[in-house]
Amino acid sequence: MGLRVLVADPIDQASVKMLKEAGFEVEYRPDISAAELEKTVKGCSVLVVRGRTKVTAKVIESGLPSLKVVGRAGVGLDNVDVEAAARHGVKVLNTPEAPTNSVAELVIGLMLAVSRKIAWCDRVMRAGKWPKHEAMGVELAGKTLGVIGYGRIGRAVAKIAHAMGMRILAYDVIQIPAELLEEADAKLTSLEEVLKNSDVITLHVPLTPETRHFINSEKLALLKPSAILVNASRGEVVDEEALYKALSTGRLAGAGLDVFEREPPTGSKLLELDNVVATPHIGAQTYEAQEAAGRMLAAKIIEAIKP
Ligand code: NAD
């Protein structure tokens with residue numbers, strides 16, 4: 001019998017095939033409950049998840065001693081207790097490279113949807129109206145884009161925005177090599193300068209204790225009232241209460257949000273605002289990104305633990 005892989009979230013079937021062909025026995029349980037997970041992980045060598053399943057210390061301990069690898073098809077590891085995994089010698093693998101283009105393209109879409117009121121126009125037209133005059137928008141060409149977190153996705157957004165004629169300001173906690181800045185003619189500067197001078201601010205930091213509520217009322221107060229905030233990083237990076245206040249009082253012109261503090265954001269007041277465009281955490285929801293995440297993860301698993 002081959003080594004067992006438990007797939008606890010939906011992943012691309014091509015990667016399941018890759019694992020089977022490499023000799024793994026794959027149990028595909030994309031809807032598994034937390035209680036069932038603790039039982040089913042026993043005897044498995046690999047646990048594969050996306051963002052839904054919480055890989056707690058208890059889940060990891062339930063998989064011992066056979067569990068060797070936790071694979072996350074995607075970027076964020078906030079649903080995996082990486083410290084518990086390290087403590088028990090369980091390797092954690094993820095595929096941060098896979099969704100970069102998909103998230104970057106969605107961010108550009110959100111920027112355009114907010115600046116040209118695309119989603120609002122669609123809503124109003126379906127109600128039989130023709131809101132041509134109310135739909136006055138702003139061009140992005142010639143405007144300044146502030147990229148907070150100049151990693152993979154931040155840089156990919158900057159490159160497209162630069163090609164659209166935007167000026168790029170970047171802020172990061174690490175020194176960004178000059179050649180990466182040159183790709184989008186970006187200027188690395190202070191957080192304050194990015195917040196004060198950008199027409200669109202896009203967030204691409206990971207969720208850490210330092211970045212929780214990174215955008216709060218003090219930072220929002222520094223933005224131009226005409227600015228648009230885009231968040232396709234993690235919902236908790238923004239204090240939604242403060243964001244609602246800024247958007248509903250004219251302190252901030254608009255927001256494009258793919259992620260929320262609570263998902264789904266049922267009952268969120270943000271969804272009542274016409275200057276908000278919301279998407280249900282679809283940054284990585286493209287056939288290309290999912291296929292790449294599955295394929296890259298399967299390759300890393302096969303490399304790490306030969307069945
Ligand atoms: P990355 O690691 O390549 O880049 C993150 C950058 O943020 C790094 O350069 C890092 O130095 C910087 N950073 C960290 N802490 C910071 C801080 N306090 N202030 C300023 N900069 C800081 O990651 P990436 O691949 O670009 O992904 C960015 C984030 O996007 C991920 O962490 C994930 O949460 C999110 N994401 C969302 C979706 C989605 O579906 N919407 C999909 C994929 C990733």
# chains A, B, ... in the order shown; residues from 1 in each chain; ligands from 1
call {"tool": "residues_near_ligand", "arguments": {"ligand": "ligand 1", "cutoff": "6 Å", "atoms": "only C-alpha atoms and all ligand atoms", "output": "PyMOL selection string"}}
result
chain A and resi 75-76+96+99+103+148-154+171-174+204-207+210-211+232-234+258+281-284
call {"tool": "select_by_dssp", "arguments": {"residues": "range 190-246 of chain A", "states": "alpha helix (DSSP H)", "output": "ChimeraX atom specification"}}
result
/A:191-197,217-220,240-246
call {"tool": "closest_residue", "arguments": {"among": "A:Ala156, A:Ile201, A:Met164, A:Leu106", "to": "Glu183 in chain A", "atoms": "only C-alpha atoms"}}
result
A:Ala156
call {"tool": "residues_around", "arguments": {"residues": "Val200 in chain A", "least_positions_apart": "6", "cutoff": "6 Å", "atoms": "only C-alpha atoms", "output": "count of residues only"}}
result
4
call {"tool": "atom_distance", "arguments": {"atom1": "CA of Gly142 in chain A", "atom2": "CA of Asn101 in chain A"}}
result
23.0 Å
call {"tool": "closest_residue", "arguments": {"among": "A:Ile176, A:Ala299, A:Leu191, A:Ile108", "to": "Lys159 in chain A", "atoms": "only C-alpha atoms"}}
result
A:Ile108
call {"tool": "decode", "arguments": {"residues": "range 16-161 of chain A", "atoms": "C-alpha atoms", "output": "tab-separated table (two decimals), in the first residue's frame"}}
result
chain	number	residue	atom	x	y	z
A	16	VAL	CA	-4.55	14.37	-7.70
A	17	LYS	CA	-3.63	12.39	-10.81
A	18	MET	CA	0.03	13.45	-10.48
A	19	LEU	CA	0.11	12.20	-6.86
A	20	LYS	CA	-1.56	8.89	-7.79
A	21	GLU	CA	0.82	8.37	-10.68
A	22	ALA	CA	3.74	8.99	-8.32
A	23	GLY	CA	2.45	6.10	-6.18
A	24	PHE	CA	0.48	7.87	-3.45
A	25	GLU	CA	-2.89	6.60	-2.31
A	26	VAL	CA	-5.12	9.70	-2.41
A	27	GLU	CA	-8.24	10.17	-0.32
A	28	TYR	CA	-10.18	13.11	-1.80
A	29	ARG	CA	-12.46	14.61	0.89
A	30	PRO	CA	-12.94	18.27	-0.11
A	31	ASP	CA	-15.93	18.80	2.23
A	32	ILE	CA	-14.53	17.06	5.30
A	33	SER	CA	-15.65	18.48	8.67
A	34	ALA	CA	-13.19	19.50	11.38
A	35	ALA	CA	-14.24	16.55	13.57
A	36	GLU	CA	-13.87	14.02	10.75
A	37	LEU	CA	-10.54	15.53	9.76
A	38	GLU	CA	-8.98	14.69	13.13
A	39	LYS	CA	-10.00	11.03	12.71
A	40	THR	CA	-9.22	10.68	9.01
A	41	VAL	CA	-5.75	12.26	9.16
A	42	LYS	CA	-4.55	9.31	11.30
A	43	GLY	CA	-2.21	7.16	9.22
A	44	CYS	CA	-1.73	9.78	6.49
A	45	SER	CA	1.71	10.96	5.40
A	46	VAL	CA	0.46	14.10	3.69
A	47	LEU	CA	-2.43	16.46	4.41
A	48	VAL	CA	-3.39	18.77	1.54
A	49	VAL	CA	-5.56	21.84	2.13
A	50	ARG	CA	-6.45	25.19	0.61
A	51	GLY	CA	-7.78	28.04	2.79
A	52	ARG	CA	-10.93	26.43	4.22
A	53	THR	CA	-9.52	23.71	6.44
A	54	LYS	CA	-7.88	24.79	9.70
A	55	VAL	CA	-4.76	22.74	10.32
A	56	THR	CA	-4.56	23.20	14.07
A	57	ALA	CA	-1.98	21.72	16.45
A	58	LYS	CA	-4.61	19.08	17.32
A	59	VAL	CA	-5.02	18.09	13.66
A	60	ILE	CA	-1.23	17.81	13.26
A	61	GLU	CA	-0.90	15.78	16.46
A	62	SER	CA	-3.74	13.48	15.33
A	63	GLY	CA	-1.71	12.71	12.20
A	64	LEU	CA	1.43	11.73	14.12
A	65	PRO	CA	3.63	9.77	13.77
A	66	SER	CA	2.85	9.13	10.09
A	67	LEU	CA	2.20	12.77	9.08
A	68	LYS	CA	5.26	14.22	7.39
A	69	VAL	CA	3.94	17.02	5.17
A	70	VAL	CA	1.13	19.59	5.27
A	71	GLY	CA	0.62	21.02	1.78
A	72	ARG	CA	-1.32	24.25	1.24
A	73	ALA	CA	-2.40	24.77	-2.38
A	74	GLY	CA	-2.15	28.57	-2.29
A	75	VAL	CA	-0.24	31.34	-0.57
A	76	GLY	CA	-1.37	32.25	2.93
A	77	LEU	CA	-0.46	29.96	5.80
A	78	ASP	CA	-2.74	31.65	8.32
A	79	ASN	CA	-4.93	28.50	8.43
A	80	VAL	CA	-1.95	26.28	9.30
A	81	ASP	CA	-0.34	26.18	12.75
A	82	VAL	CA	3.18	26.35	11.35
A	83	GLU	CA	4.77	26.42	14.81
A	84	ALA	CA	3.07	23.17	15.81
A	85	ALA	CA	4.15	21.63	12.50
A	86	ALA	CA	7.78	22.70	13.08
A	87	ARG	CA	7.66	21.39	16.66
A	88	HIS	CA	6.65	17.95	15.39
A	89	GLY	CA	9.01	17.93	12.41
A	90	VAL	CA	6.13	18.17	9.91
A	91	LYS	CA	7.17	20.03	6.78
A	92	VAL	CA	4.80	22.75	5.52
A	93	LEU	CA	4.71	23.34	1.77
A	94	ASN	CA	2.77	26.03	-0.10
A	95	THR	CA	2.61	27.52	-3.59
A	96	PRO	CA	3.02	31.26	-3.22
A	97	GLU	CA	3.99	31.65	-6.88
A	98	ALA	CA	0.78	30.22	-8.34
A	99	PRO	CA	-1.86	32.98	-8.02
A	100	THR	CA	0.28	36.06	-8.64
A	101	ASN	CA	-1.10	37.03	-12.08
A	102	SER	CA	-4.69	36.19	-11.15
A	103	VAL	CA	-4.67	38.36	-8.03
A	104	ALA	CA	-2.90	41.20	-9.84
A	105	GLU	CA	-5.48	41.17	-12.66
A	106	LEU	CA	-8.35	41.17	-10.14
A	107	VAL	CA	-6.82	44.17	-8.37
A	108	ILE	CA	-6.69	46.08	-11.67
A	109	GLY	CA	-10.32	45.06	-12.23
A	110	LEU	CA	-11.33	46.38	-8.81
A	111	MET	CA	-9.47	49.63	-9.41
A	112	LEU	CA	-11.36	50.13	-12.69
A	113	ALA	CA	-14.69	48.96	-11.28
A	114	VAL	CA	-14.46	51.57	-8.50
A	115	SER	CA	-12.96	54.44	-10.51
A	116	ARG	CA	-15.49	54.03	-13.37
A	117	LYS	CA	-18.40	52.84	-11.16
A	118	ILE	CA	-18.78	49.76	-13.37
A	119	ALA	CA	-20.56	47.53	-10.84
A	120	TRP	CA	-22.83	50.39	-9.75
A	121	CYS	CA	-23.79	51.22	-13.36
A	122	ASP	CA	-24.63	47.58	-13.97
A	123	ARG	CA	-26.88	47.48	-10.88
A	124	VAL	CA	-28.67	50.69	-11.78
A	125	MET	CA	-29.17	49.74	-15.45
A	126	ARG	CA	-30.75	46.45	-14.46
A	127	ALA	CA	-33.28	48.54	-12.53
A	128	GLY	CA	-34.19	50.20	-15.84
A	129	LYS	CA	-32.21	53.44	-15.43
A	130	TRP	CA	-29.57	55.15	-17.60
A	131	PRO	CA	-27.22	56.82	-15.08
A	132	LYS	CA	-24.86	58.44	-17.62
A	133	HIS	CA	-24.45	61.74	-15.77
A	134	GLU	CA	-24.15	60.29	-12.27
A	135	ALA	CA	-21.52	57.83	-13.50
A	136	MET	CA	-18.79	60.44	-13.98
A	137	GLY	CA	-15.53	58.68	-13.16
A	138	VAL	CA	-11.79	59.26	-12.97
A	139	GLU	CA	-9.00	58.07	-15.26
A	140	LEU	CA	-6.20	55.98	-13.83
A	141	ALA	CA	-3.61	57.14	-16.39
A	142	GLY	CA	-1.48	59.87	-14.87
A	143	LYS	CA	-2.55	58.99	-11.32
A	144	THR	CA	-0.37	57.59	-8.53
A	145	LEU	CA	-0.69	54.02	-7.33
A	146	GLY	CA	0.62	53.26	-3.83
A	147	VAL	CA	1.61	49.63	-3.42
A	148	ILE	CA	1.94	48.52	0.20
A	149	GLY	CA	3.92	45.29	0.30
A	150	TYR	CA	6.10	45.14	-2.81
A	151	GLY	CA	6.32	41.35	-3.09
A	152	ARG	CA	5.17	39.09	-5.91
A	153	ILE	CA	1.59	40.38	-6.25
A	154	GLY	CA	2.41	44.01	-5.44
A	155	ARG	CA	5.04	44.03	-8.19
A	156	ALA	CA	2.73	42.33	-10.70
A	157	VAL	CA	0.03	44.97	-10.04
A	158	ALA	CA	2.63	47.73	-10.34
A	159	LYS	CA	3.81	46.45	-13.73
A	160	ILE	CA	0.30	46.47	-15.24
A	161	ALA	CA	-0.56	49.83	-13.65
